[in-house]
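Next comes start-v8.cif, a file with mmCIF, C-alpha atoms and all ligand atoms.
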```cif
data_start
#
loop_
_atom_site.label_atom_id
_atom_site.label_comp_id
_atom_site.auth_asym_id
_atom_site.auth_seq_id
_atom_site.Cartn_x
_atom_site.Cartn_y
_atom_site.Cartn_z
CA MET G 1 0.00 0.00 0.00
CA LYS G 2 1.15 3.51 -0.80
CA ASP G 3 2.04 5.91 2.04
CA ILE G 4 -0.65 8.50 2.70
CA VAL G 5 0.04 12.21 2.30
CA LEU G 6 -2.08 15.12 3.44
CA SER G 7 -1.75 18.88 3.41
CA GLY G 8 -3.90 21.98 3.35
CA ILE G 9 -3.83 25.74 3.09
CA ARG G 10 -6.22 28.26 4.65
CA PRO G 11 -8.21 30.21 2.03
CA THR G 12 -7.30 33.66 3.28
CA GLY G 13 -6.29 35.22 -0.04
CA ASN G 14 -4.52 34.18 -3.23
CA LEU G 15 -1.59 31.79 -3.22
CA HIS G 16 1.83 33.41 -3.40
CA LEU G 17 5.32 32.22 -4.31
CA GLY G 18 5.99 31.26 -0.66
CA ASN G 19 2.98 28.93 -0.65
CA TYR G 20 4.02 27.53 -4.02
CA TYR G 21 7.66 26.76 -3.27
CA GLY G 22 7.07 25.92 0.41
CA ALA G 23 4.09 23.62 -0.10
CA VAL G 24 2.16 23.30 -3.38
CA ARG G 25 5.18 22.29 -5.47
CA SER G 26 5.60 19.30 -3.13
CA PHE G 27 1.92 18.42 -3.58
CA VAL G 28 2.39 18.21 -7.34
CA LYS G 29 5.46 16.02 -6.98
CA MET G 30 3.98 13.73 -4.32
CA GLN G 31 0.75 12.96 -6.16
CA GLU G 32 2.78 10.84 -8.58
CA GLU G 33 3.97 8.40 -5.92
CA TYR G 34 1.70 8.58 -2.89
CA GLN G 35 -1.95 8.43 -1.99
CA CYS G 36 -2.61 12.13 -1.54
CA TYR G 37 -5.24 14.31 0.11
CA PHE G 38 -4.94 18.05 -0.50
CA PHE G 39 -7.58 20.23 1.07
CA ILE G 40 -8.68 23.81 1.66
CA ALA G 41 -8.72 24.62 5.36
CA ASP G 42 -11.82 26.83 5.47
CA TRP G 43 -12.70 25.92 9.06
CA HIS G 44 -9.28 27.14 10.14
CA SER G 45 -9.94 30.46 8.39
CA LEU G 46 -12.96 31.11 10.67
CA THR G 47 -10.64 32.28 13.46
CA THR G 48 -10.74 35.72 11.82
CA HIS G 49 -14.51 35.75 11.12
CA PRO G 50 -14.82 36.01 7.31
CA THR G 51 -18.23 36.78 5.76
CA PRO G 52 -20.26 33.98 4.06
CA GLU G 53 -19.57 35.53 0.62
CA ASN G 54 -15.89 35.60 1.42
CA ILE G 55 -15.90 31.96 2.48
CA GLN G 56 -17.57 30.80 -0.74
CA ARG G 57 -15.33 32.82 -3.03
CA SER G 58 -12.03 32.14 -1.32
CA ALA G 59 -12.39 28.35 -1.23
CA ARG G 60 -13.04 28.35 -4.99
CA THR G 61 -10.08 30.65 -5.57
CA ILE G 62 -7.65 28.26 -3.88
CA LEU G 63 -9.21 25.29 -5.65
CA ALA G 64 -8.62 26.94 -9.05
CA GLU G 65 -5.06 27.80 -8.00
CA TYR G 66 -4.32 24.26 -6.80
CA LEU G 67 -5.44 22.93 -10.18
CA ALA G 68 -3.50 25.58 -12.07
CA CYS G 69 -0.32 24.56 -10.24
CA GLY G 70 -0.78 21.02 -11.50
CA ILE G 71 -2.62 19.14 -8.75
CA ASP G 72 -4.61 16.56 -10.65
CA PRO G 73 -8.00 15.44 -9.26
CA GLU G 74 -7.53 12.07 -10.96
CA LYS G 75 -4.30 11.45 -9.03
CA ALA G 76 -4.97 13.21 -5.70
CA THR G 77 -8.08 13.78 -3.64
CA ILE G 78 -8.76 17.52 -3.51
CA TYR G 79 -11.43 18.61 -1.05
CA ILE G 80 -12.78 21.41 1.09
CA GLN G 81 -12.37 20.84 4.84
CA SER G 82 -15.93 21.85 5.74
CA ASP G 83 -17.31 19.15 3.38
CA VAL G 84 -15.95 16.45 5.71
CA PRO G 85 -17.81 16.61 9.06
CA GLU G 86 -15.97 13.50 10.36
CA THR G 87 -13.02 15.82 11.06
CA ILE G 88 -14.98 17.57 13.80
CA GLU G 89 -15.71 14.38 15.68
CA LEU G 90 -12.03 13.49 15.75
CA TYR G 91 -11.20 17.10 16.74
CA LEU G 92 -13.42 16.66 19.81
CA TYR G 93 -11.72 13.41 20.87
CA LEU G 94 -8.24 14.88 20.37
CA ASN G 95 -9.17 17.98 22.40
CA MET G 96 -9.94 15.71 25.37
CA ASN G 97 -6.32 14.52 25.41
CA THR G 98 -4.64 17.86 24.73
CA TYR G 99 -3.66 20.13 27.62
CA ILE G 100 -4.21 23.88 27.76
CA GLY G 101 -0.60 24.35 28.90
CA GLU G 102 0.80 22.89 25.70
CA LEU G 103 -1.68 24.72 23.44
CA GLY G 104 -0.80 27.98 25.18
CA ARG G 105 2.89 27.50 24.39
CA VAL G 106 2.35 27.33 20.59
CA THR G 107 4.15 30.37 19.13
CA THR G 108 1.59 31.01 16.38
CA PHE G 109 -1.12 31.18 19.06
CA LYS G 110 0.90 33.61 21.15
CA GLU G 111 1.62 35.74 18.07
CA LYS G 112 -2.02 35.81 16.91
CA ALA G 113 -3.18 36.58 20.45
CA ARG G 114 -0.88 39.58 20.39
CA GLN G 115 -2.03 40.69 16.92
CA GLN G 116 -5.77 40.35 17.65
CA PRO G 117 -6.16 40.90 21.43
CA ASP G 118 -9.93 41.42 21.08
CA ASN G 119 -10.43 38.06 19.38
CA VAL G 120 -8.47 35.43 21.27
CA ASN G 121 -11.10 32.75 20.68
CA ALA G 122 -11.15 29.07 21.62
CA GLY G 123 -10.88 28.08 17.93
CA LEU G 124 -7.58 29.91 17.69
CA PHE G 125 -6.41 28.18 20.85
CA THR G 126 -7.30 24.69 19.56
CA TYR G 127 -6.05 25.35 16.01
CA PRO G 128 -3.36 22.64 16.39
CA THR G 129 -5.86 19.92 17.40
CA LEU G 130 -8.07 20.70 14.38
CA MET G 131 -4.95 20.44 12.22
CA ALA G 132 -4.08 17.13 13.92
CA ALA G 133 -7.61 15.87 13.17
CA ASP G 134 -7.17 16.85 9.48
CA ILE G 135 -4.06 14.73 9.33
CA LEU G 136 -4.97 11.78 11.56
CA GLN G 137 -8.41 11.17 10.04
CA HIS G 138 -6.62 9.85 6.95
CA ARG G 139 -3.81 8.28 9.00
CA ALA G 140 -1.38 10.31 6.89
CA LYS G 141 2.32 9.60 7.20
CA TRP G 142 3.69 12.61 5.30
CA VAL G 143 2.68 16.26 5.49
CA PRO G 144 4.27 18.68 2.99
CA VAL G 145 4.31 22.11 4.68
CA GLY G 146 6.71 25.00 5.13
CA LYS G 147 9.04 25.29 8.10
CA ASP G 148 6.64 27.62 9.94
CA GLN G 149 4.30 24.65 10.53
CA GLU G 150 6.84 22.61 12.52
CA GLN G 151 5.31 23.33 15.92
CA ASN G 152 1.80 22.43 14.72
CA MET G 153 3.26 19.21 13.32
CA GLU G 154 4.85 18.44 16.68
CA MET G 155 1.41 18.82 18.27
CA ALA G 156 -0.10 16.47 15.66
CA ARG G 157 2.53 13.85 16.50
CA LYS G 158 1.78 14.32 20.20
CA CYS G 159 -1.95 13.79 19.54
CA ALA G 160 -1.23 10.57 17.63
CA ARG G 161 1.19 9.26 20.26
CA ARG G 162 -1.06 10.10 23.16
CA PHE G 163 -4.16 8.50 21.64
CA ASN G 164 -2.17 5.35 20.84
CA ASN G 165 -0.76 5.24 24.40
CA ILE G 166 -4.05 5.86 26.19
CA TYR G 167 -5.93 3.22 24.22
CA LYS G 168 -3.01 0.79 23.74
CA THR G 169 -3.39 0.86 19.99
CA GLU G 170 -1.29 1.61 16.92
CA LEU G 171 -4.14 3.22 15.04
CA PHE G 172 -2.37 6.48 14.22
CA PRO G 173 1.03 6.71 12.54
CA GLU G 174 3.07 9.72 13.68
CA PRO G 175 2.93 12.18 10.76
CA GLN G 176 6.23 13.57 9.49
CA ASN G 177 7.02 16.86 7.75
CA TYR G 178 7.94 16.46 4.11
CA TYR G 179 10.23 18.97 2.42
CA PHE G 180 10.72 19.16 -1.34
CA GLY G 181 14.34 18.24 -2.04
CA GLY G 182 14.87 17.31 1.63
CA ASP G 183 15.35 20.73 3.23
CA ALA G 184 12.83 23.15 4.68
CA LEU G 185 12.60 26.17 2.42
CA LYS G 186 11.63 29.66 3.46
CA VAL G 187 10.86 32.04 0.59
CA PRO G 188 11.93 35.53 1.71
CA GLY G 189 9.77 38.64 1.36
CA LEU G 190 10.45 41.50 -1.08
CA ASP G 191 10.39 44.10 1.70
CA GLY G 192 13.53 42.75 3.32
CA SER G 193 11.55 40.67 5.82
CA GLY G 194 12.50 37.05 6.38
CA LYS G 195 9.35 35.47 5.00
CA MET G 196 7.06 36.05 2.06
CA GLY G 197 3.48 36.26 3.36
CA LYS G 198 0.20 37.84 2.45
CA SER G 199 1.02 41.50 2.94
CA ASP G 200 1.50 44.47 0.66
CA GLY G 201 4.90 45.08 -0.79
CA ASN G 202 6.19 41.76 0.42
CA CYS G 203 4.67 39.17 -1.79
CA ILE G 204 4.21 37.95 -5.36
CA TYR G 205 0.92 36.20 -6.02
CA LEU G 206 0.65 33.36 -8.53
CA CYS G 207 -2.13 35.35 -10.25
CA ASP G 208 -0.11 38.60 -10.54
CA GLU G 209 0.06 39.99 -14.08
CA GLU G 210 3.49 40.07 -15.71
CA LYS G 211 3.91 43.83 -15.33
CA VAL G 212 2.90 43.66 -11.66
CA VAL G 213 5.56 41.01 -11.02
CA ARG G 214 8.22 43.14 -12.71
CA LYS G 215 7.19 46.25 -10.80
CA LYS G 216 7.18 44.46 -7.45
CA VAL G 217 10.60 42.91 -8.01
CA MET G 218 12.13 46.20 -9.17
CA ARG G 219 10.88 47.78 -5.93
CA ALA G 220 12.33 45.06 -3.68
CA VAL G 221 14.31 46.52 -0.80
CA THR G 222 18.10 46.68 -1.28
CA ASP G 223 20.99 48.77 0.10
CA ASN G 224 23.72 51.02 -1.32
CA GLY G 225 25.59 48.21 -3.01
CA PRO G 226 28.71 46.14 -2.35
CA GLU G 227 31.65 48.15 -1.04
CA THR G 228 34.32 45.64 0.03
CA PRO G 229 35.24 42.64 -2.19
CA ASN G 230 34.09 39.22 -0.96
CA SER G 231 32.17 40.69 1.99
CA PRO G 232 29.25 38.80 3.57
CA LYS G 233 25.85 39.82 2.22
CA PRO G 234 23.49 41.81 4.46
CA GLU G 235 20.11 40.13 5.05
CA VAL G 236 18.13 42.10 2.43
CA ILE G 237 20.65 41.21 -0.25
CA GLN G 238 20.90 37.61 0.85
CA ASN G 239 17.11 37.48 0.48
CA LEU G 240 17.39 38.57 -3.15
CA PHE G 241 19.96 35.84 -3.78
CA THR G 242 17.84 33.24 -1.97
CA MET G 243 14.86 34.16 -4.14
CA MET G 244 17.03 33.90 -7.24
CA SER G 245 18.35 30.48 -6.20
CA ILE G 246 14.72 29.33 -6.00
CA VAL G 247 13.48 30.57 -9.38
CA SER G 248 16.63 30.88 -11.55
CA GLU G 249 19.27 28.55 -12.97
CA PRO G 250 22.37 27.95 -10.75
CA GLU G 251 24.61 29.59 -13.40
CA THR G 252 22.56 32.77 -13.17
CA VAL G 253 22.99 32.89 -9.40
CA ALA G 254 26.72 32.20 -9.75
CA PHE G 255 27.03 35.04 -12.29
CA PHE G 256 25.53 37.63 -9.93
CA ASP G 257 27.38 36.19 -6.96
CA GLU G 258 30.65 36.81 -8.74
CA LYS G 259 29.55 40.37 -9.43
CA TRP G 260 28.74 40.83 -5.73
CA ASN G 261 32.17 39.54 -4.78
CA ASP G 262 34.07 41.89 -7.11
CA CYS G 263 31.78 44.81 -6.19
CA SER G 264 30.44 45.30 -9.71
CA LEU G 265 26.88 44.15 -8.96
CA ARG G 266 24.09 46.48 -10.06
CA TYR G 267 20.90 45.56 -8.26
CA GLY G 268 18.79 46.83 -11.18
CA ASP G 269 20.32 44.21 -13.48
CA MET G 270 19.91 41.45 -10.95
CA LYS G 271 16.28 42.36 -10.31
CA LYS G 272 15.51 42.45 -14.03
CA GLN G 273 16.84 38.92 -14.39
CA LEU G 274 15.00 37.76 -11.26
CA ALA G 275 11.71 39.21 -12.56
CA GLU G 276 12.32 37.55 -15.94
CA ASP G 277 12.78 34.12 -14.33
CA MET G 278 9.74 34.57 -12.09
CA VAL G 279 7.56 35.57 -15.02
CA LYS G 280 8.68 32.44 -16.87
CA THR G 281 7.42 30.24 -14.02
CA LEU G 282 4.30 32.27 -13.36
CA ASN G 283 2.93 32.96 -16.86
CA PRO G 284 1.58 29.46 -17.56
CA ILE G 285 0.22 29.15 -14.00
CA ARG G 286 -1.60 32.48 -14.24
CA GLU G 287 -3.18 31.53 -17.56
CA ARG G 288 -4.46 28.28 -16.09
CA ILE G 289 -5.78 30.09 -13.00
CA GLN G 290 -7.89 32.26 -15.30
CA GLU G 291 -9.23 29.22 -17.16
CA PHE G 292 -10.12 27.26 -14.03
CA SER G 293 -11.60 30.25 -12.17
CA SER G 294 -14.15 30.84 -14.88
CA ASN G 295 -15.29 27.22 -14.86
CA THR G 296 -17.29 27.10 -11.63
CA GLU G 297 -19.17 24.01 -12.75
CA LEU G 298 -15.91 22.07 -13.05
CA LEU G 299 -14.68 23.39 -9.68
CA ASP G 300 -17.90 22.31 -7.97
CA ARG G 301 -17.68 18.86 -9.58
CA ILE G 302 -14.09 18.39 -8.44
CA ALA G 303 -14.92 19.55 -4.88
CA LYS G 304 -17.86 17.14 -4.71
CA MET G 305 -15.84 14.21 -5.97
CA GLY G 306 -13.03 15.03 -3.51
CA ALA G 307 -15.44 15.33 -0.59
CA GLU G 308 -16.85 11.87 -1.28
CA LYS G 309 -13.42 10.25 -1.35
CA ALA G 310 -12.21 12.16 1.72
CA ARG G 311 -15.33 11.27 3.72
CA GLU G 312 -14.93 7.61 2.89
CA SER G 313 -11.37 7.61 4.20
CA ALA G 314 -12.23 9.67 7.31
CA ALA G 315 -15.31 7.58 8.12
CA ALA G 316 -13.23 4.39 8.07
CA THR G 317 -10.81 5.90 10.61
CA LEU G 318 -13.66 7.25 12.76
CA ARG G 319 -15.24 3.79 12.95
CA GLU G 320 -11.96 2.48 14.38
CA VAL G 321 -11.69 5.43 16.75
CA ARG G 322 -15.25 5.00 18.10
CA LYS G 323 -14.69 1.28 18.59
CA THR G 324 -11.40 1.96 20.38
CA ILE G 325 -12.92 4.56 22.70
CA GLY G 326 -15.91 2.33 23.49
CA PHE G 327 -18.66 4.04 21.52
CA ARG G 328 -21.24 2.38 19.33
CA VAL G 329 -20.17 1.99 15.73
CA TYR G 330 -22.84 2.61 13.12
P1 LIG Z 1 0.73 32.95 4.66
O1 LIG Z 1 1.98 33.05 5.48
O2 LIG Z 1 0.81 33.64 3.38
O3 LIG Z 1 -0.53 33.26 5.44
P2 LIG Z 1 0.03 30.26 5.12
O4 LIG Z 1 0.44 30.44 6.54
O5 LIG Z 1 -1.42 30.14 4.82
O6 LIG Z 1 0.63 31.42 4.27
O7 LIG Z 1 0.82 28.99 4.57
C1 LIG Z 1 0.33 28.02 3.67
C2 LIG Z 1 1.46 27.05 3.36
O8 LIG Z 1 2.50 27.70 2.65
C3 LIG Z 1 2.12 26.44 4.60
O9 LIG Z 1 2.51 25.11 4.31
C4 LIG Z 1 3.32 27.31 4.81
O10 LIG Z 1 4.35 26.64 5.50
C5 LIG Z 1 3.73 27.62 3.37
N1 LIG Z 1 4.41 28.93 3.28
C6 LIG Z 1 3.83 30.16 3.47
N2 LIG Z 1 4.73 31.15 3.30
C7 LIG Z 1 5.92 30.54 3.01
C8 LIG Z 1 7.24 31.03 2.70
N3 LIG Z 1 7.50 32.33 2.66
N4 LIG Z 1 8.20 30.12 2.46
C9 LIG Z 1 7.94 28.79 2.48
N5 LIG Z 1 6.73 28.26 2.74
C10 LIG Z 1 5.71 29.12 2.99
N1 LIG Z 2 -1.93 25.33 9.47
C1 LIG Z 2 -1.74 25.30 8.05
C2 LIG Z 2 -1.31 26.71 7.59
O1 LIG Z 2 -1.54 27.69 8.26
C3 LIG Z 2 -2.99 24.89 7.31
C4 LIG Z 2 -3.44 23.53 7.70
C5 LIG Z 2 -4.58 23.22 8.39
C6 LIG Z 2 -2.75 22.31 7.46
N2 LIG Z 2 -4.65 21.87 8.58
C7 LIG Z 2 -3.57 21.28 8.03
C8 LIG Z 2 -1.56 21.98 6.83
C9 LIG Z 2 -3.18 19.95 7.98
C10 LIG Z 2 -1.17 20.64 6.79
C11 LIG Z 2 -1.98 19.64 7.36
O2 LIG Z 2 -0.77 26.83 6.52
#
```
Translate the structure of the given file into C-alpha cells.
Ligand code: ADP
Ligand code: TRP
Amino acid sequence: MKDIVLSGIRPTGNLHLGNYYGAVRSFVKMQEEYQCYFFIADWHSLTTHPTPENIQRSARTILAEYLACGIDPEKATIYIQSDVPETIELYLYLNMNTYIGELGRVTTFKEKARQQPDNVNAGLFTYPTLMAADILQHRAKWVPVGKDQEQNMEMARKCARRFNNIYKTELFPEPQNYYFGGDALKVPGLDGSGKMGKSDGNCIYLCDEEKVVRKKVMRAVTDNGPETPNSPKPEVIQNLFTMMSIVSEPETVAFFDEKWNDCSLRYGDMKKQLAEDMVKTLNPIRERIQEFSSNTELLDRIAKMGAEKARESAAATLREVRKTIGFRVY
C-alpha cells in the first residue's frame, strides 16, 4: 500500500510564491507516488470571522489555484475541509487529550493573540488539534508544509502518540514533515523581511500579471551596493539571492554572486533577471488560474468528488476510533 500524504492551506487570499515553493510544489510532486489528500482549510480560516460571501469565493479561488499549479484530481483527492464533518468528531476526541498548557505554548497562538487581542477565541487556541484531526483522520504519514508549521506538526505527532498510548493501539502513525528536495525552504519577502506572506509590498501572487511582477521585483528593498570585495551579504541582499536560487538557474545565481564579490553588482540588473525568471514560471500558471476560475461548474464537480473520497477515508478511521474509545459503531 502507498504511504498516505495530506496537506492543506487556509483560504485567506490568493496563493503566493511562498505557498508555491514551500508547499504546493511538493503536492504536485507527491501525487505521482503517494496516496494524496490536498484540502482547503476553510474551518481554520474562521478564526478571523470572514463573511459567508468571502468563504464561498475564497475556497473556490484556492481550488482553481491548486489545479492551475498542477494538482490533478484524478491522481490526488482535492477537497474542502468543511465538506468532511468527520473531522470535527475526531477534533473533539483529540481535544480531550490535549492540555491547555501545551496549546498555550504554541508560538503562532501567542503571536495571533498579540495581533488580535480582542479576538483570542477558543478556535484559535485549539487550532493545532483541528490540524491534527485533518491529518490523523486519513492516517497520513507525510505532510508537505513549510518550516513555519513545525510546531503544529509536533502537536499532531503528540496527539497521535497520546491516543495510541491511552488506548493501547497503533491506530495512528506519527505524521512527518515532508520537504521538497529534503530541506525546509523559506521564501523571503520583497520588503527585506525574512518570509514572504500575504502582505502588501512583500509578496508575489501566482495570479499577478506580468507587469505587476516586474514592478514588485524592481521595488524590492536593497541597500547602497557592495563596497568591500568578498564581503558577507546583508540580510536584504541575501534574500534577493535566496529568491534567485529558487526561481533561476544555478549559473545565473553564480554570475551575480561573482559580481557581488568583485563589487560590480548592479541591483537593477539582478532584479531584471529575477523578474524575468519569475515571469517564466508564473505565466503558464496564471493563464491556467484564469481558465479554471471561470469554470465554476468544473470546480464544484471536483470539490464534490473530492469530498466523497475524503469522507470515505475519514469515516473508516472514525469507525476504528469509536470502537477503540468504546462508543457504538454505526
Ligand atoms: P501565509 O503566510 O501567506 O498566510 P500560510 O500560513 O497560509 O501562508 O501557509 C500556507 C502554506 O505555505 C504552509 O505550508 C506554509 O508553510 C507555506 N508557506 C507560506 N509562506 C511561506 C514562505 N515564505 N516560504 C515557504 N513556505 C511558505
Ligand atoms: N496550518 C496550516 C497553515 O496555516 C494549514 C493547515 C490546516 C494544514 N490543517 C492542516 C496543513 C493539515 C497541513 C496539514 O498553513
I'd like a table as CSV: residues in chain G with an atom no more than 9 Å from ligand LIG 1 (chain Z), each row giving the shortest atom pair and its distance in Å to one decimal, only C-alpha atoms and all ligand atoms counted, sorted by chain and rising residue number.
```
residue,atom,partner,partner_atom,distance
G:Ser7,CA,Z:LIG1,O9,7.6
G:Gly8,CA,Z:LIG1,O9,7.2
G:Ile9,CA,Z:LIG1,C1,4.8
G:Arg10,CA,Z:LIG1,O5,5.2
G:Pro11,CA,Z:LIG1,O5,7.3
G:Thr12,CA,Z:LIG1,O5,7.0
G:Gly13,CA,Z:LIG1,O2,8.0
G:Asn14,CA,Z:LIG1,O2,8.5
G:Leu15,CA,Z:LIG1,O2,7.3
G:His16,CA,Z:LIG1,O2,6.9
G:Leu17,CA,Z:LIG1,N3,7.3
G:Gly18,CA,Z:LIG1,C8,3.6
G:Asn19,CA,Z:LIG1,O8,3.6
G:Tyr20,CA,Z:LIG1,O8,6.8
G:Tyr21,CA,Z:LIG1,C9,6.1
G:Gly22,CA,Z:LIG1,N5,3.3
G:Ala23,CA,Z:LIG1,O9,4.9
G:Val24,CA,Z:LIG1,O8,7.5
G:Val143,CA,Z:LIG1,O9,8.9
G:Pro144,CA,Z:LIG1,O9,6.8
G:Val145,CA,Z:LIG1,O9,3.5
G:Gly146,CA,Z:LIG1,O10,2.9
G:Lys147,CA,Z:LIG1,O10,5.5
G:Asp148,CA,Z:LIG1,O10,5.1
G:Gln149,CA,Z:LIG1,O10,5.4
G:Glu150,CA,Z:LIG1,O10,8.5
G:Ala184,CA,Z:LIG1,C9,7.8
G:Leu185,CA,Z:LIG1,C9,5.3
G:Lys186,CA,Z:LIG1,N4,3.6
G:Val187,CA,Z:LIG1,N4,3.8
G:Pro188,CA,Z:LIG1,N3,5.5
G:Gly189,CA,Z:LIG1,N3,6.8
G:Gly194,CA,Z:LIG1,N3,7.8
G:Lys195,CA,Z:LIG1,N3,4.3
G:Met196,CA,Z:LIG1,N3,3.8
G:Gly197,CA,Z:LIG1,O2,3.7
G:Lys198,CA,Z:LIG1,O2,4.3
G:Ser199,CA,Z:LIG1,O2,7.9
G:Cys203,CA,Z:LIG1,O2,8.5
```
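Closest approach to ligand LIG 2 (chain Z) from the set G:Ala132, G:Ala160, G:Leu190, G:Ile289 is made by G:Ala132, with distances taken over only C-alpha atoms and all ligand atoms.
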Using only C-alpha atoms, I'd like a table of the residues in stretch 102-218 of chain G that come within 9 Å of stretch 257-281 of chain G; for each, show the closest atom pair and its distance in Å rounded to one decimal, ordered by chain and ascending number, as JSON lines.
```
{"residue": "G:Glu209", "atom": "CA", "partner": "G:Val279", "partner_atom": "CA", "distance": 8.8}
{"residue": "G:Glu210", "atom": "CA", "partner": "G:Val279", "partner_atom": "CA", "distance": 6.1}
{"residue": "G:Val213", "atom": "CA", "partner": "G:Ala275", "partner_atom": "CA", "distance": 6.6}
{"residue": "G:Arg214", "atom": "CA", "partner": "G:Ala275", "partner_atom": "CA", "distance": 5.3}
{"residue": "G:Lys215", "atom": "CA", "partner": "G:Ala275", "partner_atom": "CA", "distance": 8.5}
{"residue": "G:Lys216", "atom": "CA", "partner": "G:Ala275", "partner_atom": "CA", "distance": 8.6}
{"residue": "G:Val217", "atom": "CA", "partner": "G:Ala275", "partner_atom": "CA", "distance": 6.0}
{"residue": "G:Met218", "atom": "CA", "partner": "G:Lys271", "partner_atom": "CA", "distance": 5.8}
```
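When all atoms listed in the file are used to measure the gap to G:Thr77, the shortest distance among G:Thr51, G:Gln31, G:Thr61, G:Ser293 belongs to G:Gln31.
You can rank G:Asn97, G:Asn202, G:Gln35, G:Gln81 by their closest distance to ligand LIG 2 (chain Z) using all atoms listed in the file, and at the top of that list sits G:Gln81.
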Nearest to G:Gly123: which of G:Ile135, G:Leu46, G:Cys69, G:Cys36 is it, counting only C-alpha atoms? G:Leu46
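Atom CA of G:Arg157 to atom CA of G:Arg322 spans 19.9 Å [interatomic distance, one decimal].
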Counting only C-alpha atoms, select every polymer residue within 8 Å of (27.9, 39.8, -1.1) as defined in the file's coordinates, and provide the selection as a ChimeraX atom specification. /G:226,229-234,237-238,257,260-261
